[in-house]
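Enquirer: I have a structure I would like to understand better, so I am pasting it below and will then ask my questions one at a time.
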Amino acid sequence: MGTVSPPASEPGPRFAVVGNPQNRRVTLFEDAVRAAGLPAPRVVAWTHVLRAGGADFAADELVRVDSPGENPEVDRLLRGPGDPTRVEGSARWYARFTAAVRTLRGGVRLDDPDEVAVLFDKRLCHGVLDAAGVPVPASPTSGPQAPPVRGWDDVRAAMREHRMPRLFVKPPHGSSASGVLAVESGGGGRVRATTSVELAADGCLYNSLKVRRYESEADIAAIVDALAPDGLHLERWLPKASQEGRAADLRVVVVAGRATHAVVRTSRSPMTNLHLGGRRGDLDDVRRSFEAAGARWADVLDVCERAAACFPRTLCVGVDLLPAVGWRSAAIGEVNAFGDLLPRLTGLPGSGAEGLDTYAAQVAAVLRDLARHGSRHRTGTPHAGTPHAGTPHAGTRHSGARHV
C-alpha cells in the first residue's frame, strides 16, 4: 500500500491533521479550522500512517500531529496484540509511535519529532526542564544518563539513598496516570501505594477507573517489577495545596509561548485526573490563593511558559503545575504533547485567546504567525513556539519546588 499523495496546491492556508478520524480531538480541531473561515483540514488516519509506512504532505500544508489514543486498532499496531486496557507495553508503543512521527514527510509542522520524543519520555523531559532551571520535583532518574530502575528493589534503594519516603513511580512513556503509583513508606518498614492499576490474579496489570490502595509490599513489588521492563521514572512526592479539602493542581495550556487556558483539577487521591474521579476546581479561587500568599498570578503562568519554552518548535503543550502547600511556590509535574483536550474551556483574560477554546487558539496563533512570517515558513524556517517545516491515551478497565 502506497503513501498518501499530497493534494494539488491551492491558495490560502491549508491544515492537515494526523489523528484518528471521528475522534473528538480531531473533530474539535476541524471545527476550529472551519470557524476560522478555512476549508476543513485533511485528515490522515494513524492506521494509514502505521500500515503504509508514513504519509506525504504538500509543502504549504500546516500539519498537526494529534494523539493516536482511544483507538483499539491503533493501539494494537503500536503496542502489539492484547487487551487494550493492559498497562504493559508502553516502551514498544513509544518506539513505534516516535518512529511513525518521523515517517511524516513534507508540510509545515506544528510540532517537532525530536521534541515529541522528549515529551513522551518523562525521564528526558524532566532532565530538559531541570537543566533549564524550571522548578521540578527532585528525581534520581532525570536525564539520559540516569541509571535504570530495574524493579522494586531499586525503588526501595532510591527511597533510602535520596531520602524520599514518599515518591511517585511512573512509566516514562505513559499518559492519563496509566501505571503511576504514589508510594509512601512508614515506620517498621511499612509501605503502601495508591494507583489506578488493577493487579489481576494472573499477575497482569490493567488500567482501571477505580483508584485503589495496596498495603502489601508483595503486591506493590509485583506491580513495579511488571512495569520495570518498560522503564520507570521516580519523582519526589511534593505535598500539594488544597481547595475545599481536596488536593489541587492545574493543567495550563501554552500556545505559541503564551499560557492561554487553565483548569484546576482537585481530588481526594494523589491522582487528579478527571477520568479517575478528579473534578474541576475554582480557578479564580486558586489565583486569589496564590496572590494572598504573596505570589503574582503572572509569575505562576510564567513558570508554565518557561516549561513550554523548552520545546520551542512545538506549537502547543499542556503543562501540569503543582502548587505547594500554602500556595507560595509551585513546580512543574509534566509537560504533555497532547494536553489540550479541554472542551468548551475558553481562554484566560489577557491571554489573547479570550472566547476561544484551545483548538481555536492554536489556529489563531498559526494564522497570526503566517501573516507575519508566511514566506519564511514555506521555506521551512522555524519560529519559536510557531510552525516550522519538517502515549497513548490509555484504555481503562471498569471493575523540591522553588518559589514562583
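Ordering of the C-alpha cells sets the chain letters (A, B, ...); residue numbers start at 1 within each chain; ligands are numbered from 1 in the order shown.
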Please identify the alpha helix (DSSP H) residues within stretch 117-266 of chain A (assignment by DSSP from backbone atoms) and present them as a PyMOL selection string.

Expert: chain A and resi 117-119+122-131+152-161+217-227

Enquirer: Counting only C-alpha atoms, what are the residues of stretch 203-285 of chain A within 12 Å of stretch 89-94 of chain A, and for each of them which pair of atoms is the nearest and at what distance in Å, to one decimal? Sort the table by chain and rising number, as CSV.

Expert:
residue,atom,partner,partner_atom,distance
A:Cys204,CA,A:Gly89,CA,11.5
A:Leu205,CA,A:Gly89,CA,10.6
A:Tyr206,CA,A:Gly89,CA,11.4
A:Ala226,CA,A:Gly89,CA,10.3
A:Leu227,CA,A:Gly89,CA,8.7
A:Ala228,CA,A:Ala91,CA,10.2
A:Pro229,CA,A:Ala91,CA,8.1
A:Asp230,CA,A:Ala91,CA,4.8
A:Gly231,CA,A:Ala91,CA,7.3
A:Leu232,CA,A:Ala91,CA,10.3

Enquirer: Find the distance between atom CA of A:Ala32 and atom CA of A:Tyr359 and write it in Å to one decimal.

Expert: 5.9 Å

Enquirer: Taking the DSSP secondary structure from the backbone, can you list the residues of stretch 19-187 of chain A that are strand (DSSP E), as a ChimeraX atom specification?

Expert: /A:19,42-45,55-65,104-109,166-170,181-185

Enquirer: Which residues come within 10 Å of A:Ala293, counting only C-alpha atoms, excluding same-chain residues fewer than 4 positions away, as a CSV table (one decimal) with N, CA, C and O atoms, in the first residue's frame?

Expert:
chain,number,residue,atom,x,y,z
A,288,ARG,N,-6.6,33.8,43.6
A,288,ARG,CA,-6.6,34.6,44.9
A,288,ARG,C,-5.7,33.9,45.9
A,288,ARG,O,-5.0,34.6,46.7
A,289,SER,N,-5.6,32.6,46.0
A,289,SER,CA,-4.8,31.9,47.0
A,289,SER,C,-3.3,32.2,46.7
A,289,SER,O,-2.6,32.5,47.7
A,326,GLY,N,0.3,25.9,51.0
A,326,GLY,CA,0.5,27.3,51.3
A,326,GLY,C,0.4,28.2,50.1
A,326,GLY,O,0.4,29.4,50.3
A,327,TRP,N,0.5,27.7,48.9
A,327,TRP,CA,0.3,28.4,47.6
A,327,TRP,C,1.5,29.4,47.4
A,327,TRP,O,1.4,30.4,46.6
A,328,ARG,N,2.6,29.3,48.1
A,328,ARG,CA,3.7,30.2,47.9
A,328,ARG,C,4.7,29.8,46.8
A,328,ARG,O,5.4,30.7,46.3
A,329,SER,N,4.6,28.6,46.3
A,329,SER,CA,5.5,28.2,45.3
A,329,SER,C,4.8,27.1,44.5
A,329,SER,O,3.7,26.6,44.8

Enquirer: A:Leu238, A:Ala157, A:Leu322, A:Ala361: which is nearest A:Thr272, counting only C-alpha atoms?

Expert: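 Closest to A:Thr272, using only C-alpha atoms: A:Leu322.
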
Enquirer: Please identify all polymer residues within 9 Å of A:Pro13, counting only C-alpha atoms, omitting same-chain residues fewer than 4 positions from it, and present them as a ChimeraX atom specification.

Expert: /A:38-39,60-62,367,370

Enquirer: Could you please take those selected residues and save C-alpha atoms as a PDB file, in the first residue's frame?

Expert:
ATOM      1  CA  LEU A  38     -10.875  27.930   6.220  1.00  0.00           C
ATOM      2  CA  PRO A  39     -11.525  24.626   4.466  1.00  0.00           C
ATOM      3  CA  ASP A  60       2.444  24.506   2.281  1.00  0.00           C
ATOM      4  CA  GLU A  61       0.164  22.205   4.288  1.00  0.00           C
ATOM      5  CA  LEU A  62       0.107  23.063   8.005  1.00  0.00           C
ATOM      6  CA  LEU A 367      -2.681  32.425  11.226  1.00  0.00           C
ATOM      7  CA  LEU A 370       1.703  33.245   8.925  1.00  0.00           C
TER       8      LEU A 370
END

Enquirer: Hey, what's within 9 Å of A:Pro144 if we count only C-alpha atoms and toss same-chain stuff fewer than 5 positions away? As a list in words, please?

Expert: Arg123, Leu124 and Gly127 of chain A

Enquirer: Got a sec: who's within 9 Å of A:Asp121, counting only C-alpha atoms, leaving out chain neighbours fewer than 3 positions off, as a PyMOL selection string?

Expert: chain A and resi 94+116-118+124-126+171-174

Enquirer: Which neighbours of A:Val49 fall inside 12 Å, counting only C-alpha atoms, when residues of the same chain fewer than 6 positions from it are skipped, and could you give them as a ChimeraX atom specification?

Expert: /A:1-4,17-20,43,55-56,65,68,74,77-78,96-97,99-105

Enquirer: Generate a file of the selected residues that holds C-alpha atoms, formatted as a PDB file, in the first residue's frame.

Expert:
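Here's the written file again_19.pdb:
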ATOM      1  CA  MET A   1       0.000   0.000   0.000  1.00  0.00           C
ATOM      2  CA  GLY A   2       1.449   3.370  -1.038  1.00  0.00           C
ATOM      3  CA  THR A   3       1.729   6.532   0.975  1.00  0.00           C
ATOM      4  CA  VAL A   4      -0.780   9.375   0.838  1.00  0.00           C
ATOM      5  CA  VAL A  17      -4.128  16.611  10.867  1.00  0.00           C
ATOM      6  CA  VAL A  18      -2.737  13.162  11.601  1.00  0.00           C
ATOM      7  CA  GLY A  19      -5.140  11.548  14.024  1.00  0.00           C
ATOM      8  CA  ASN A  20      -7.973   9.106  14.462  1.00  0.00           C
ATOM      9  CA  VAL A  43      -7.365  14.088   7.965  1.00  0.00           C
ATOM     10  CA  ALA A  55       2.415   9.946   4.691  1.00  0.00           C
ATOM     11  CA  ASP A  56       3.308  12.843   2.423  1.00  0.00           C
ATOM     12  CA  VAL A  65       0.032  15.635  14.784  1.00  0.00           C
ATOM     13  CA  PRO A  68      -3.084   8.165  18.465  1.00  0.00           C
ATOM     14  CA  VAL A  74      -4.011   1.869  16.515  1.00  0.00           C
ATOM     15  CA  LEU A  77      -0.382  -1.548  15.804  1.00  0.00           C
ATOM     16  CA  LEU A  78       1.692   0.379  18.342  1.00  0.00           C
ATOM     17  CA  ARG A  96       6.760   2.650  17.239  1.00  0.00           C
ATOM     18  CA  PHE A  97       4.981   5.963  17.794  1.00  0.00           C
ATOM     19  CA  ALA A  99       9.283   6.187  14.575  1.00  0.00           C
ATOM     20  CA  ALA A 100       5.896   6.785  12.924  1.00  0.00           C
ATOM     21  CA  VAL A 101       6.081  10.525  13.619  1.00  0.00           C
ATOM     22  CA  ARG A 102       9.356  10.581  11.683  1.00  0.00           C
ATOM     23  CA  THR A 103       7.699   8.996   8.641  1.00  0.00           C
ATOM     24  CA  LEU A 104       5.554  12.100   8.058  1.00  0.00           C
ATOM     25  CA  ARG A 105       7.151  13.826   5.100  1.00  0.00           C
TER      26      ARG A 105
END

Enquirer: Could you give me, as CSV, a per-residue list for stretch 79-182 of chain A showing, wherever an atom lies at most 9 Å from an atom of stretch 334-348 of chain A, the closest pair of atoms and their distance in Å to one decimal, using only C-alpha atoms and sorting by chain then residue number from low to high?

Expert:
residue,atom,partner,partner_atom,distance
A:Asp111,CA,A:Ala337,CA,8.8
A:Glu115,CA,A:Ala337,CA,8.9
A:Val116,CA,A:Ala337,CA,6.7
A:Leu119,CA,A:Ala337,CA,6.1
A:Phe120,CA,A:Ala337,CA,7.5
A:Lys122,CA,A:Glu334,CA,7.4
A:Cys125,CA,A:Val335,CA,7.5
A:His126,CA,A:Glu334,CA,7.6
A:Val136,CA,A:Glu334,CA,8.6
A:Ser175,CA,A:Asn336,CA,8.6

Enquirer: For a quick check of understanding, using only C-alpha atoms, which of A:Val134, A:Ala146, A:Ala45, A:Ala221 has the smallest distance to A:Ala331?

Expert: A:Val134
